[in-house]
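Step one of this worksheet: look at the structure below.
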Amino acid sequence: MAELLRTQARKPKCYLLRPVTFLLIMLVLVFFGAGFLSPRSPVLWSRRAGAGEAGRESVGLQVVKLSRMVYPQPKVLTPSRKDVLVLTPWLAPIIWEATFNTDILNEQFRLQNATIGITVFAIKKYVVFLKLFLETAEQHFMVGHRVNYYVFTDRPADVPHVPLGEGRQMVVLEVPASARWQDVSMSRMEMISSFCEQRFLREVDFLVCADVDMKFRDHVGVEILSQLFGTLHPGYYRASREAFPYERRPQSQAHIPRDQGDFYYMGAFFGGSVSEVYRLTKACHQAIVADRANGIEAVWHDESHLNRYLLDHKPTKVLSPEYMWDEKLLGWPAIMRKLRYVAVPKNHREIRNR
């Protein structure tokens, strides 16, 4: 017993300091946690210090004041729409009018300090559609957010001057034309993937890929943005998968069997984060090259490859046909409460290949 007491006497009595040390650590954690972990904190981390390329080269702390918002409470037992599917089996939302609150979404994306890029191909005579596209985009597309218009064209001298709002700019990218319109369509995948590497990854957060022979007719905003989104084809949103115009030949990289398929997506409006759009366009381009080496061309060209990709890599958001409509061909059914991005009447035979 005496030896045990002597041994204990030789031990330093640091254990007396442990409660004090523990208390100090807890106070420090509470102090810093209140500033950085609290959802009410007005201090948010931003991956860029400012707009443009210079801001993207540095990372800093950005202070953003959260505004107090008042809006109707969502009701768990009251669905936003009863007449349409609003959620896919893989839990991706399908975006229809009355399924989102624009004010809430704008606030969330304002805090992200996001810049949105949109690509259009104004090749050959399609440059005539560019003025209306840009003018209506300025009225309806991502209003209040920073936007970069990327115009791919073989006729840069014919690009019209359209006044743009604050924080919005146009970048003209000169590219060669192809002999056939089908080749122009398929070359989009190669060009978009190439420029994703060259500049888009540095310049924008999200990338929207759109057809130029269209016009914006109503609000198209941040509700469409997600890691990867596709748009339901207006001609097939009611159809069964057996009726979808997928590529059915097994020899093609775009082949989809008749017992497979979720939706039929339109090649005229898709997008997502730049990294996801890069993966999509690169994969589609590689599939097109493989088909060409085997002497086959998918039935609907790049759109067929897009549908194959989105079957294998499910989009995280799906846009309803409100975001891709042709009123001349399809009228205006009651289920479409708004027509947002619509086709411009044209003579395809006259405009293509010229």
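We label chains A, B, ... in the order they appear in the structure tokens, count residues from 1 in each chain, and number ligands from 1 in the order shown.
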
Quiz prompt | Residue neighbourhood A:Ile116, 9 Å, only C-alpha atoms, exclusion window fewer than 2 positions, as JSON, numbers by chain | solution = {"A": [114, 118, 142, 145, 146, 147, 148, 149, 203, 204, 205, 206, 207, 208]}

Quiz item: From the list A:Leu306, A:Leu319, A:Leu77, A:Val162, which residue is nearest A:Glu135 when using only C-alpha atoms?
Solution: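 Checking each candidate against A:Glu135, we get A:Val162 as the closest.
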
Find the spatial neighbours of stretch 330-343 of chain A, counting only C-alpha atoms, within a cut-off of 12 Å - ignore same-chain residues fewer than 4 positions away - and output them as a CSV table (one decimal) with C-alpha atoms, in the first residue's frame.
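Resulting contents of result.csv:
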```csv
chain,number,residue,atom,x,y,z
A,81,ARG,CA,-50.1,19.7,-59.5
A,82,LYS,CA,-52.5,16.7,-59.7
A,83,ASP,CA,-52.7,16.6,-63.5
A,84,VAL,CA,-49.1,15.8,-64.4
A,85,LEU,CA,-46.1,13.8,-63.1
A,95,ILE,CA,-40.5,21.3,-63.8
A,96,TRP,CA,-44.0,22.5,-64.6
A,97,GLU,CA,-45.7,25.9,-63.9
A,98,ALA,CA,-46.9,26.0,-60.2
A,99,THR,CA,-44.3,23.5,-59.0
A,129,PHE,CA,-32.6,33.7,-86.0
A,132,LEU,CA,-34.8,37.4,-82.1
A,133,PHE,CA,-33.2,34.7,-79.9
A,136,THR,CA,-36.2,37.5,-76.2
A,137,ALA,CA,-33.6,35.9,-74.0
A,139,GLN,CA,-36.5,39.6,-71.7
A,140,HIS,CA,-37.1,36.2,-70.2
A,141,PHE,CA,-33.9,34.1,-69.7
A,210,ALA,CA,-30.0,25.6,-76.9
A,211,ASP,CA,-31.2,25.8,-80.5
A,212,VAL,CA,-31.1,29.3,-82.1
A,213,ASP,CA,-34.2,29.0,-84.3
A,214,MET,CA,-36.4,29.5,-81.2
A,215,LYS,CA,-37.6,32.4,-79.0
A,216,PHE,CA,-38.2,32.9,-75.3
A,217,ARG,CA,-41.8,33.7,-74.7
A,218,ASP,CA,-42.1,33.5,-71.0
A,219,HIS,CA,-39.9,33.1,-67.8
A,220,VAL,CA,-37.0,30.7,-68.1
A,221,GLY,CA,-35.0,31.0,-65.0
A,224,ILE,CA,-34.2,24.7,-64.7
A,231,THR,CA,-36.3,18.5,-71.7
A,233,HIS,CA,-39.9,16.3,-76.4
A,234,PRO,CA,-43.3,18.0,-77.0
A,235,GLY,CA,-44.3,15.4,-79.6
A,236,TYR,CA,-43.7,12.4,-77.3
A,237,TYR,CA,-44.5,13.4,-73.7
A,238,ARG,CA,-47.7,11.4,-73.9
A,268,ALA,CA,-32.7,21.5,-78.6
A,269,PHE,CA,-32.5,22.3,-74.8
A,319,LEU,CA,-38.1,20.1,-67.9
A,320,SER,CA,-41.7,19.8,-69.0
A,321,PRO,CA,-42.7,20.6,-72.6
A,322,GLU,CA,-43.4,24.1,-71.4
A,323,TYR,CA,-39.7,24.6,-72.1
A,324,MET,CA,-39.8,23.3,-75.7
A,325,TRP,CA,-43.0,23.8,-77.7
A,326,ASP,CA,-44.3,24.4,-81.2
A,347,ASN,CA,-39.2,26.7,-93.9
A,348,HIS,CA,-36.7,24.0,-93.0
```

Exercise. Mind giving me the straight-line distance from atom CA of A:Leu280 to atom CA of A:Val128 in Å, one decimal?
Key: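 Calculated distance between atom CA of A:Leu280 and atom CA of A:Val128 is 28.4 Å.
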
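Of the listed residues A:His305, A:Met170, A:Arg68, A:Gln112, the one whose atoms come nearest to A:Pro245 is A:His305, with distances taken using only C-alpha atoms.
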
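In this structure, atom CA of A:Phe152 sits 7.4 Å away from atom CA of A:Thr119.
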
Quiz item: What are the DSSP alpha helix (DSSP H) residues of stretch 106-147 of chain A, as an NGL selection string?
Solution: :A and (106-112 or 130-140)

Quiz item: Could you pull the residues within 9 Å of stretch 292-295 of chain A, counting only C-alpha atoms, minus those fewer than 3 positions along the same chain, as a ChimeraX atom specification?
Solution: /A:251-252,287-289

I need the residues from that last selection saved to file as a tab-separated table (two decimals), in the first residue's frame (with N, CA, C and O atoms), if you can.
```tsv
chain	number	residue	atom	x	y	z
A	251	GLN	N	-26.46	-1.96	-84.05
A	251	GLN	CA	-25.11	-1.62	-84.50
A	251	GLN	C	-24.69	-0.22	-84.05
A	251	GLN	O	-23.51	0.10	-84.03
A	252	SER	N	-25.65	0.63	-83.70
A	252	SER	CA	-25.34	2.01	-83.32
A	252	SER	C	-25.06	2.12	-81.83
A	252	SER	O	-25.66	1.42	-81.01
A	287	ALA	N	-19.32	8.59	-79.18
A	287	ALA	CA	-20.26	7.62	-79.74
A	287	ALA	C	-20.52	7.91	-81.22
A	287	ALA	O	-20.63	6.98	-82.04
A	288	ILE	N	-20.64	9.19	-81.58
A	288	ILE	CA	-20.83	9.57	-82.98
A	288	ILE	C	-19.64	9.15	-83.83
A	288	ILE	O	-19.79	8.63	-84.94
A	289	VAL	N	-18.44	9.35	-83.30
A	289	VAL	CA	-17.22	8.95	-84.01
A	289	VAL	C	-17.18	7.44	-84.19
A	289	VAL	O	-16.83	6.93	-85.28
```

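Among A:Ala177, A:Ile104, A:Val143, A:Ile94, the residue with the shortest atom-to-atom distance to A:Val70, counting only C-alpha atoms, is A:Ile104.
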